[in-house]
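**Student:** Okay, here's the structure, questions in a sec.
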Amino acid sequence: MINDKIQDLRQAAKVSSENDSEKLWCATIGNEELINEITYSALTSKKRVKVVFREHIVIKESFIQKKFDFTLIFGYSENIRELSYLSKDKGGAYIRIAPFYVTTEPNLMFLVGPEEIIKKFAGDAEKLKASFSILLEDKTTGFIETDFNMNFLPNSLKTMISPLFNVSDVVLSIVLISVNNKENIENIEKIAKSNKIFIKSLKDIKNYFNSNK
């Protein structure tokens, strides 16, 4: 019950702060084609949106490689909302971040990975007392690229099987967390790495962005 109230308050703060913000951050994940389109739209927006960071992520799981892209953009709220809706329409996931979060929440970090691995990460962090709060989250609904390591198979079988894995439906989650104590940051990063989750500090990106305006 208490957690539900906390989430309601955070949601209200999110809506209020977004509406009051001239500019927003937006982190988006999806297949390479989607992120290319968002990047192109940002670059042609007459400097109303800037691409702060982009990463191509490959997660290896036994014989399978899951490939997707992550980008963080920053700009005027109306443009950011337009691009975030584009992401959702094409099966991606996004979280919009108002300056309210950047200035009031400590140690903001992004987590990106398959939904089931994100859940395992949360369980592992709880066991090790590496506390954090989930502020924002979203999930993909579209396809990402997956490759199957078939070097051990004959070429004829590779040709038949490969297309099946390249259209596999994988649900990705993107999560914005706040780590209350700096002492927990290293543990959070270790747990994410052990679970093969992409993790990035918003503080590091923001400082780099501000120094290169």
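Following the order of the structure tokens, chains are lettered A, B, ..., residues in each are numbered from 1, and ligands are numbered from 1.
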Please identify which residues in segment 83-151 of chain A DSSP calls helix (DSSP H, G or I) from the backbone, and express them as JSON, numbers by chain.
**Tutor:** {"A": [83, 84, 85, 86, 87, 88, 89, 99, 100, 101, 102, 103, 104, 115, 116, 117, 118, 119, 120, 121, 122, 123, 124, 125, 126, 127]}
**Student:** For Ser133 of chain A, list every protein, DNA or RNA residue within 9 Å, evaluated using only C-alpha atoms, and leave out those in the same chain fewer than 2 positions away; present the list as a PyMOL selection string.
**Tutor:** chain A and resi 131+135+176-180
**Student:** Interatomic distance between atom CA of Glu61 of chain A and atom CA of Ser173 of chain A?
**Tutor:**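 Atom CA of Glu61 of chain A sits 16.7 Å away from atom CA of Ser173 of chain A.
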**Student:** Quick one: residues within 12 Å of Asp89 of chain A, only C-alpha atoms counted, chain neighbours fewer than 5 positions away excluded, as a VMD selection string?
**Tutor:** chain A and resid 30 34 82 to 84 94 140 to 142
**Student:** Could you write out that same residue set with C-alpha atoms as a PDB file, in the first residue's frame?
**Tutor:**
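Full text of out-v8.pdb as output:
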ATOM      1  CA  GLY A  30      14.867  -0.478 -30.021  1.00  0.00           C
ATOM      2  CA  LEU A  34      14.289   2.708 -35.276  1.00  0.00           C
ATOM      3  CA  GLU A  82       7.115  13.805 -30.855  1.00  0.00           C
ATOM      4  CA  LEU A  83      10.174  11.563 -31.102  1.00  0.00           C
ATOM      5  CA  SER A  84       9.130   9.474 -28.100  1.00  0.00           C
ATOM      6  CA  TYR A  94      11.327   5.265 -24.073  1.00  0.00           C
ATOM      7  CA  THR A 140       9.518  -2.659 -26.162  1.00  0.00           C
ATOM      8  CA  THR A 141       6.746  -4.186 -28.241  1.00  0.00           C
ATOM      9  CA  GLY A 142       8.628  -4.618 -31.521  1.00  0.00           C
TER      10      GLY A 142
END
**Student:** Within 7 Å of Ala130 of chain A, counting only C-alpha atoms, which residues show up once you throw out same-chain ones fewer than 2 positions away? Write them as number ranges by chain, please.
**Tutor:** A: 125-126, 128, 132, 184, 187-188
**Student:** What gap, in Å, lies between atom CA of Lys88 of chain A and atom CA of Lys23 of chain A?
**Tutor:**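 According to the coordinates, atom CA of Lys88 of chain A and atom CA of Lys23 of chain A are separated by 19.7 Å.
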**Student:** Any idea what the distance is between atom CA of Lys47 of chain A and atom CA of Asn31 of chain A?
**Tutor:**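 Distance between the two atoms: 24.5 Å.
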**Student:** DSSP on the backbone, then: every residue of segment 87-196 of chain A marked strand (DSSP E), written as a ChimeraX atom specification.
**Tutor:** /A:93-97,108-114,133-139,145-148,172-178
**Student:** Could you list, as an MDAnalysis selection string, every residue within 10 Å of Ile29 of chain A, counting only C-alpha atoms and ignoring same-chain residues fewer than 2 positions away?
**Tutor:** chainID A and resid 27 31:32 34:35 54:57 68:72 87:88 91:95 112:113 138:140 144 172:174
**Student:** If we count only C-alpha atoms, what is near Leu202 of chain A at a cut-off of 8 Å, once residues fewer than 5 positions away on the same chain are taken out, given as a ChimeraX atom specification?
**Tutor:** /A:107-110
**Student:** Write out as a PDB file with all heavy atoms, in the first residue's frame the residues lying within 6 Å of Leu111 of chain A, counting only C-alpha atoms and excluding same-chain residues fewer than 6 positions away.
**Tutor:**
ATOM      1  N   ILE A 174      13.691  -0.755 -20.364  1.00  0.00           N
ATOM      2  CA  ILE A 174      14.581   0.361 -20.055  1.00  0.00           C
ATOM      3  C   ILE A 174      14.086   0.962 -18.754  1.00  0.00           C
ATOM      4  O   ILE A 174      12.893   1.229 -18.585  1.00  0.00           O
ATOM      5  CB  ILE A 174      14.617   1.406 -21.185  1.00  0.00           C
ATOM      6  CG1 ILE A 174      15.563   2.554 -20.804  1.00  0.00           C
ATOM      7  CG2 ILE A 174      13.234   1.922 -21.557  1.00  0.00           C
ATOM      8  CD1 ILE A 174      15.876   3.494 -21.955  1.00  0.00           C
ATOM      9  N   VAL A 175      14.994   1.119 -17.804  1.00  0.00           N
ATOM     10  CA  VAL A 175      14.624   1.528 -16.451  1.00  0.00           C
ATOM     11  C   VAL A 175      15.537   2.654 -15.987  1.00  0.00           C
ATOM     12  O   VAL A 175      16.759   2.588 -16.193  1.00  0.00           O
ATOM     13  CB  VAL A 175      14.726   0.338 -15.463  1.00  0.00           C
ATOM     14  CG1 VAL A 175      14.239   0.743 -14.075  1.00  0.00           C
ATOM     15  CG2 VAL A 175      13.945  -0.865 -15.972  1.00  0.00           C
ATOM     16  N   PHE A 198      23.125  -3.708 -19.648  1.00  0.00           N
ATOM     17  CA  PHE A 198      23.773  -2.440 -19.971  1.00  0.00           C
ATOM     18  C   PHE A 198      23.386  -1.418 -18.901  1.00  0.00           C
ATOM     19  O   PHE A 198      22.209  -1.244 -18.578  1.00  0.00           O
ATOM     20  CB  PHE A 198      23.320  -1.952 -21.341  1.00  0.00           C
ATOM     21  CG  PHE A 198      23.860  -0.592 -21.704  1.00  0.00           C
ATOM     22  CD1 PHE A 198      25.159  -0.447 -22.167  1.00  0.00           C
ATOM     23  CD2 PHE A 198      23.069   0.542 -21.584  1.00  0.00           C
ATOM     24  CE1 PHE A 198      25.660   0.805 -22.501  1.00  0.00           C
ATOM     25  CE2 PHE A 198      23.558   1.793 -21.917  1.00  0.00           C
ATOM     26  CZ  PHE A 198      24.856   1.924 -22.376  1.00  0.00           C
ATOM     27  N   ILE A 199      24.386  -0.757 -18.329  1.00  0.00           N
ATOM     28  CA  ILE A 199      24.128   0.240 -17.284  1.00  0.00           C
ATOM     29  C   ILE A 199      24.942   1.491 -17.579  1.00  0.00           C
ATOM     30  O   ILE A 199      26.104   1.416 -18.012  1.00  0.00           O
ATOM     31  CB  ILE A 199      24.456  -0.325 -15.878  1.00  0.00           C
ATOM     32  CG1 ILE A 199      24.057   0.676 -14.783  1.00  0.00           C
ATOM     33  CG2 ILE A 199      25.913  -0.737 -15.772  1.00  0.00           C
ATOM     34  CD1 ILE A 199      24.073   0.071 -13.367  1.00  0.00           C
TER      35      ILE A 199
END
**Student:** A:Glu33, A:Ser45, A:Gly75, A:Asp124: which is nearest Lys190 of chain A, counting only C-alpha atoms?
**Tutor:** A:Asp124
